[in-house]
>>> print(open('model.cif').read())   # mmCIF, C-alpha atoms
data_target
loop_
_atom_site.label_atom_id
_atom_site.label_comp_id
_atom_site.auth_asym_id
_atom_site.auth_seq_id
_atom_site.Cartn_x
_atom_site.Cartn_y
_atom_site.Cartn_z
CA MET X 22 -74.79 108.04 281.85
CA LEU X 23 -72.08 106.56 284.07
CA SER X 24 -69.35 108.60 282.36
CA PHE X 25 -71.28 111.84 283.10
CA THR X 26 -71.74 110.76 286.71
CA LEU X 27 -68.02 110.08 287.10
CA THR X 28 -67.18 113.40 285.43
CA ALA X 29 -69.42 115.25 287.89
CA PHE X 30 -67.78 113.34 290.74
CA VAL X 31 -64.30 114.38 289.60
CA GLU X 32 -65.39 118.02 289.32
CA LEU X 33 -66.95 117.92 292.78
CA MET X 34 -63.87 116.41 294.41
CA ASP X 35 -61.59 118.95 292.70
CA HIS X 36 -63.32 121.66 294.74
CA GLY X 37 -62.23 120.01 298.01
CA ILE X 38 -65.71 120.06 299.53
CA VAL X 39 -65.61 116.38 300.51
CA SER X 40 -62.62 114.55 301.97
CA TRP X 41 -61.23 111.65 299.95
CA ASP X 42 -60.94 109.64 303.18
CA THR X 43 -64.72 109.34 303.42
CA PHE X 44 -64.96 106.78 300.61
CA SER X 45 -65.39 103.09 301.32
CA VAL X 46 -63.42 100.08 300.11
CA ALA X 47 -66.49 99.03 298.10
CA PHE X 48 -66.35 102.31 296.16
CA ILE X 49 -62.63 101.87 295.48
CA LYS X 50 -63.24 98.33 294.26
CA LYS X 51 -65.96 99.60 291.93
CA ILE X 52 -63.73 102.24 290.36
CA ALA X 53 -60.82 99.83 290.13
CA GLY X 54 -63.14 97.34 288.44
CA TYR X 55 -63.78 99.79 285.60
CA VAL X 56 -60.01 100.09 285.08
CA ASN X 57 -59.41 96.35 285.20
CA LYS X 58 -62.14 95.54 282.68
CA PHE X 59 -60.70 94.96 279.22
CA ALA X 60 -63.64 96.46 277.29
CA THR X 61 -64.53 99.44 279.48
CA ASP X 62 -65.94 102.50 277.69
CA ILE X 63 -63.13 105.00 276.99
CA ALA X 64 -64.86 107.87 278.82
CA ILE X 65 -65.54 105.70 281.87
CA LEU X 66 -61.96 104.39 281.86
CA GLN X 67 -60.54 107.91 281.64
CA ARG X 68 -62.60 109.19 284.58
CA SER X 69 -61.86 106.09 286.63
CA LEU X 70 -58.11 106.51 286.13
CA ALA X 71 -58.39 110.18 287.13
CA ILE X 72 -60.26 109.22 290.30
CA LEU X 73 -57.69 106.57 291.25
CA GLU X 74 -54.83 109.03 290.73
CA SER X 75 -56.51 111.59 293.00
CA MET X 76 -57.23 108.96 295.64
CA VAL X 77 -53.60 107.91 295.77
CA LEU X 78 -52.22 111.46 295.82
CA ASN X 79 -54.68 112.82 298.40
CA SER X 80 -54.79 110.08 301.02
CA HIS X 81 -52.19 107.66 302.39
CA ASP X 82 -54.92 105.28 303.53
CA LEU X 83 -56.51 105.31 300.09
CA TYR X 84 -53.11 104.70 298.49
CA GLN X 85 -52.83 101.45 300.42
CA LYS X 86 -56.34 100.39 299.43
CA VAL X 87 -55.90 101.33 295.76
CA ALA X 88 -52.55 99.52 295.63
CA GLN X 89 -54.36 96.36 296.73
CA GLU X 90 -56.87 96.66 293.88
CA ILE X 91 -54.69 97.89 291.01
CA THR X 92 -51.35 96.40 289.99
CA ILE X 93 -48.80 97.69 287.52
CA GLY X 94 -49.44 94.63 285.39
CA GLN X 95 -53.12 95.53 285.11
CA LEU X 96 -52.25 99.04 283.96
CA ILE X 97 -49.73 98.09 281.27
CA PRO X 98 -52.37 97.05 278.65
CA HIS X 99 -53.80 100.58 278.74
CA LEU X 100 -50.39 101.88 277.58
CA GLN X 101 -50.49 99.61 274.55
CA GLY X 102 -53.68 101.07 273.11
CA ALA X 103 -54.00 103.92 270.62
CA ASP X 104 -55.72 106.51 272.83
CA GLN X 105 -53.12 109.01 274.08
CA GLU X 106 -55.45 110.41 276.74
CA ILE X 107 -55.83 106.95 278.27
CA GLN X 108 -52.07 106.43 278.09
CA THR X 109 -51.52 109.77 279.82
CA TYR X 110 -53.97 109.01 282.64
CA THR X 111 -52.45 105.53 283.03
CA ILE X 112 -48.93 106.87 283.41
CA ALA X 113 -50.28 109.44 285.88
CA VAL X 114 -51.69 106.62 288.03
CA ILE X 115 -48.37 104.74 287.83
CA ASN X 116 -46.53 107.90 288.87
CA ALA X 117 -48.91 108.46 291.78
CA LEU X 118 -48.37 104.89 293.00
CA PHE X 119 -44.59 105.39 292.69
CA LEU X 120 -44.69 108.65 294.64
CA LYS X 121 -46.65 107.20 297.55
CA ALA X 122 -44.98 103.80 297.72
CA PRO X 123 -42.20 103.02 300.24
CA ASP X 124 -38.71 102.59 298.78
CA ASP X 125 -38.76 98.80 298.66
CA LYS X 126 -42.15 98.84 296.93
CA ARG X 127 -40.89 101.33 294.33
CA GLN X 128 -38.09 98.98 293.35
CA GLU X 129 -40.55 96.11 293.15
CA MET X 130 -42.83 98.15 290.88
CA ALA X 131 -39.94 99.06 288.60
CA ASN X 132 -38.94 95.41 288.37
CA ILE X 133 -42.50 94.45 287.42
CA LEU X 134 -42.51 97.04 284.65
CA ALA X 135 -39.26 95.62 283.35
CA GLN X 136 -40.39 92.00 283.50
CA LYS X 137 -43.33 92.68 281.21
CA GLN X 138 -40.86 92.85 278.33
CA LEU X 139 -38.15 90.64 279.78
CA ARG X 140 -39.08 87.51 277.79
CA ALA X 141 -38.66 89.34 274.48
CA ILE X 142 -35.17 90.74 274.95
CA ILE X 143 -31.66 89.69 275.86
CA LEU X 144 -31.50 88.47 279.44
CA GLN X 145 -28.43 90.59 280.22
CA LEU X 146 -30.32 93.87 279.73
CA SER X 147 -30.69 96.05 282.79
CA TRP X 148 -34.24 96.59 284.08
CA PHE X 149 -34.06 100.24 283.02
CA ILE X 150 -33.57 99.27 279.38
CA CYS X 151 -36.55 96.94 279.75
CA LEU X 152 -38.49 99.89 281.13
CA LEU X 153 -37.66 101.92 278.03
CA LEU X 154 -38.96 99.10 275.87
CA CYS X 155 -42.11 98.90 277.91
CA PHE X 156 -42.94 102.53 277.13
CA GLN X 157 -41.59 102.72 273.58
CA HIS X 158 -45.11 102.13 272.23
CA VAL X 159 -46.07 105.44 273.81
CA ILE X 160 -42.90 107.36 272.94
CA ARG X 161 -42.50 106.15 269.34
CA ALA X 162 -46.16 106.39 268.27
CA GLN X 163 -46.72 108.19 264.98
CA ARG X 164 -48.23 111.30 266.56
CA ALA X 165 -47.11 114.27 268.61
CA ILE X 166 -46.88 113.78 272.36
CA ASN X 167 -49.06 116.33 274.13
CA ASN X 168 -47.76 118.47 276.98
CA GLU X 169 -49.41 116.47 279.74
CA MET X 170 -48.05 113.20 278.34
CA ALA X 171 -44.58 114.73 278.12
CA HIS X 172 -44.87 115.85 281.75
CA GLN X 173 -46.01 112.44 283.00
CA LEU X 174 -43.20 110.70 281.09
CA TYR X 175 -40.72 113.15 282.61
CA VAL X 176 -42.03 112.45 286.12
CA LEU X 177 -41.78 108.71 285.53
CA GLN X 178 -38.23 109.14 284.23
CA VAL X 179 -37.22 111.08 287.35
CA LEU X 180 -38.81 108.52 289.67
CA THR X 181 -37.11 105.57 287.99
CA PHE X 182 -33.75 107.32 287.69
CA ASN X 183 -33.85 108.06 291.42
CA LEU X 184 -33.93 104.30 292.04
CA LEU X 185 -30.67 104.01 290.15
CA GLU X 186 -28.71 106.60 292.14
CA ASP X 187 -26.45 104.04 293.82
CA ARG X 188 -25.77 102.24 290.55
CA VAL X 189 -25.16 105.52 288.70
CA MET X 190 -22.47 106.40 291.23
CA THR X 191 -20.81 102.99 290.87
CA LYS X 192 -17.92 102.84 288.43
CA MET X 193 -18.20 100.33 285.64
CA ASP X 194 -15.65 97.53 285.45
CA PRO X 195 -14.17 97.84 281.90
CA GLN X 196 -13.23 94.16 282.03
CA ASP X 197 -16.80 93.01 282.65
CA GLN X 198 -18.18 91.97 279.28
CA ALA X 199 -21.75 91.68 280.59
CA GLN X 200 -21.69 95.32 281.67
CA ARG X 201 -20.21 96.36 278.32
CA ASP X 202 -22.97 94.48 276.50
CA ILE X 203 -25.61 96.32 278.54
CA ILE X 204 -24.09 99.70 277.62
CA PHE X 205 -23.90 98.74 273.93
CA GLU X 206 -27.52 97.60 274.00
CA LEU X 207 -28.62 100.82 275.68
CA ARG X 208 -27.02 102.80 272.87
CA ARG X 209 -28.69 100.61 270.25
CA ILE X 210 -32.11 101.20 271.83
CA ALA X 211 -31.59 104.95 272.31
CA PHE X 212 -30.30 105.60 268.80
CA ASP X 213 -31.89 103.93 265.79
CA ALA X 214 -29.89 101.21 264.08
CA GLU X 215 -30.11 102.97 260.70
CA THR X 216 -27.63 105.60 261.93
CA GLU X 217 -24.99 102.88 262.24
CA PRO X 218 -22.31 103.05 259.52
CA ASN X 219 -21.79 99.95 257.42
CA ASN X 220 -19.42 97.65 259.31
CA SER X 221 -17.63 96.53 256.18
CA GLY X 222 -16.77 99.96 254.79
CA GLY X 223 -17.30 102.43 257.60
CA ASN X 224 -14.57 104.85 258.56
CA ILE X 225 -13.11 103.79 261.93
CA GLU X 226 -12.52 107.36 263.11
CA LYS X 227 -16.04 108.34 262.08
CA ARG X 228 -17.45 105.41 264.03
CA LYS X 229 -15.41 106.30 267.13
CA SER X 230 -16.59 109.89 266.90
CA MET X 231 -20.21 108.79 266.57
CA TYR X 232 -19.94 106.42 269.54
CA THR X 233 -18.36 109.16 271.67
CA ARG X 234 -21.17 111.56 270.75
CA ASP X 235 -23.87 109.00 271.52
CA TYR X 236 -22.42 107.92 274.86
CA LYS X 237 -21.97 111.57 275.85
CA LYS X 238 -25.71 112.10 275.17
CA LEU X 239 -26.46 109.11 277.39
CA GLY X 240 -24.38 110.62 280.20
CA PHE X 241 -21.45 108.19 280.22
CA ILE X 242 -18.76 110.68 279.24
#
>>> encode(input="model.cif", output="structure tokens")
Amino acid sequence: MLSFTLTAFVELMDHGIVSWDTFSVAFIKKIAGYVNKFATDIAILQRSLAILESMVLNSHDLYQKVAQEITIGQLIPHLQGADQEIQTYTIAVINALFLKAPDDKRQEMANILAQKQLRAIILQLSWFICLLLCFQHVIRAQRAINNEMAHQLYVLQVLTFNLLEDRVMTKMDPQDQAQRDIIFELRRIAFDAETEPNNSGGNIEKRKSMYTRDYKKLGFI
């Protein structure tokens, strides 16, 4: 019954008859509570995520209130499930929070996303590589990514890349081994290890050509 009620609410609000600013903190807490519960019904969770996304996108005041109730860390578990619709709505909420957040908050959110996988990987990895790992469960799932998911992933990519503009424009120091290790690890993550020629018998020129191709795809050449 609750899922039908929330569905009707979403449909009503989509018509713009009622202002989003009319809703109380208690209502926001209620909706956020459905998202934060581990065993929430899928239909209720989906509608609740849709409502939170609309709140954030349609009202600056509601963005601030939603941001107090929902953290990136609380959303990450929904990306690790098997339901692509829930994953899509979750990324949409993350994107909405990114879009409305001030610059310093955006960087903080990106760092939080990275830290969720930080313990499991090499400490020298950049936070963007960590971010890729965080979402690889979504990207590498054994099913086709629907159009809306592809769009939300693209938006997230643009938002996170924008945070790296200063670093992108900074030349790499070829003598800095830590930076070189990060670039090598980025290539390893982006391109499956099985494409790597055998180190003991691989053709050196073939390997150089493959590395050049891969780094060109990553935008380094």
>>> closest_residue(input="model.cif", among="X:Leu239, X:Leu78, X:Ala103, X:Asp125", to="Ile210 in chain X", atoms="only C-alpha atoms")
X:Leu239
>>> resolve_selection(input="model.cif", expression="the PyMOL selection byres ((chain X and resi 177-184) around 10)", output="PyMOL selection string")
chain X and resi 112-113+115-117+119-120+124-125+127-128+130-131+149+152-153+171-176+185-189
>>> write_last_selection(input="model.cif", atoms="C-alpha atoms", output="mmCIF file, in the coordinates of the input")
data_model
loop_
_atom_site.group_PDB
_atom_site.id
_atom_site.type_symbol
_atom_site.label_atom_id
_atom_site.label_comp_id
_atom_site.auth_asym_id
_atom_site.auth_seq_id
_atom_site.Cartn_x
_atom_site.Cartn_y
_atom_site.Cartn_z
ATOM 1 C CA ILE X 112 -48.930 106.870 283.410
ATOM 2 C CA ALA X 113 -50.280 109.440 285.880
ATOM 3 C CA ILE X 115 -48.370 104.740 287.830
ATOM 4 C CA ASN X 116 -46.530 107.900 288.870
ATOM 5 C CA ALA X 117 -48.910 108.460 291.780
ATOM 6 C CA PHE X 119 -44.590 105.390 292.690
ATOM 7 C CA LEU X 120 -44.690 108.650 294.640
ATOM 8 C CA ASP X 124 -38.710 102.590 298.780
ATOM 9 C CA ASP X 125 -38.760 98.800 298.660
ATOM 10 C CA ARG X 127 -40.890 101.330 294.330
ATOM 11 C CA GLN X 128 -38.090 98.980 293.350
ATOM 12 C CA MET X 130 -42.830 98.150 290.880
ATOM 13 C CA ALA X 131 -39.940 99.060 288.600
ATOM 14 C CA PHE X 149 -34.060 100.240 283.020
ATOM 15 C CA LEU X 152 -38.490 99.890 281.130
ATOM 16 C CA LEU X 153 -37.660 101.920 278.030
ATOM 17 C CA ALA X 171 -44.580 114.730 278.120
ATOM 18 C CA HIS X 172 -44.870 115.850 281.750
ATOM 19 C CA GLN X 173 -46.010 112.440 283.000
ATOM 20 C CA LEU X 174 -43.200 110.700 281.090
ATOM 21 C CA TYR X 175 -40.720 113.150 282.610
ATOM 22 C CA VAL X 176 -42.030 112.450 286.120
ATOM 23 C CA LEU X 185 -30.670 104.010 290.150
ATOM 24 C CA GLU X 186 -28.710 106.600 292.140
ATOM 25 C CA ASP X 187 -26.450 104.040 293.820
ATOM 26 C CA ARG X 188 -25.770 102.240 290.550
ATOM 27 C CA VAL X 189 -25.160 105.520 288.700
#
>>> closest_residue(input="model.cif", among="X:Ile133, X:Met76, X:Ala122, X:Ala64", to="Gly94 in chain X", atoms="only C-alpha atoms")
X:Ile133
>>> atom_distance(input="model.cif", atom1="CA of Val114 in chain X", atom2="CA of Val39 in chain X")
21.1 Å
>>> resolve_selection(input="model.cif", expression="the PyMOL selection byres ((chain X and resi 41-46) around 7)", output="PyMOL selection string")
chain X and resi 39-40+47-50+76+79-80+83
>>> closest_residue(input="model.cif", among="X:Asn167, X:Gln85, X:Thr92, X:Asn132", to="Thr109 in chain X", atoms="all atoms listed in the file")
X:Asn167
>>> resolve_selection(input="model.cif", expression="the PyMOL selection byres ((chain X and resi 57) around 10)", output="PDB file with C-alpha atoms, in the coordinates of the input")
ATOM      1  CA  LYS X  51     -65.960  99.600 291.930  1.00  0.00           C
ATOM      2  CA  ILE X  52     -63.730 102.240 290.360  1.00  0.00           C
ATOM      3  CA  ALA X  53     -60.820  99.830 290.130  1.00  0.00           C
ATOM      4  CA  GLY X  54     -63.140  97.340 288.440  1.00  0.00           C
ATOM      5  CA  TYR X  55     -63.780  99.790 285.600  1.00  0.00           C
ATOM      6  CA  VAL X  56     -60.010 100.090 285.080  1.00  0.00           C
ATOM      7  CA  LYS X  58     -62.140  95.540 282.680  1.00  0.00           C
ATOM      8  CA  PHE X  59     -60.700  94.960 279.220  1.00  0.00           C
ATOM      9  CA  ALA X  60     -63.640  96.460 277.290  1.00  0.00           C
ATOM     10  CA  THR X  61     -64.530  99.440 279.480  1.00  0.00           C
ATOM     11  CA  LEU X  66     -61.960 104.390 281.860  1.00  0.00           C
ATOM     12  CA  GLU X  90     -56.870  96.660 293.880  1.00  0.00           C
ATOM     13  CA  ILE X  91     -54.690  97.890 291.010  1.00  0.00           C
ATOM     14  CA  THR X  92     -51.350  96.400 289.990  1.00  0.00           C
ATOM     15  CA  GLN X  95     -53.120  95.530 285.110  1.00  0.00           C
ATOM     16  CA  LEU X  96     -52.250  99.040 283.960  1.00  0.00           C
ATOM     17  CA  PRO X  98     -52.370  97.050 278.650  1.00  0.00           C
ATOM     18  CA  HIS X  99     -53.800 100.580 278.740  1.00  0.00           C
TER      19      HIS X  99
END
>>> atom_distance(input="model.cif", atom1="CA of Asp82 in chain X", atom2="CA of Glu129 in chain X")
20.0 Å
>>> closest_residue(input="model.cif", among="X:Lys86, X:Arg234, X:Lys229, X:His81", to="Phe212 in chain X", atoms="all atoms listed in the file")
X:Arg234
>>> closest_residue(input="model.cif", among="X:Phe205, X:Gln67, X:Gln101, X:Leu134", to="Val31 in chain X", atoms="all atoms listed in the file")
X:Gln67
>>> atom_distance(input="model.cif", atom1="CA of Asp62 in chain X", atom2="CA of Thr26 in chain X")
13.5 Å
>>> closest_residue(input="model.cif", among="X:Ile72, X:Met170, X:Ile204, X:Ile65", to="Leu23 in chain X", atoms="only C-alpha atoms")
X:Ile65
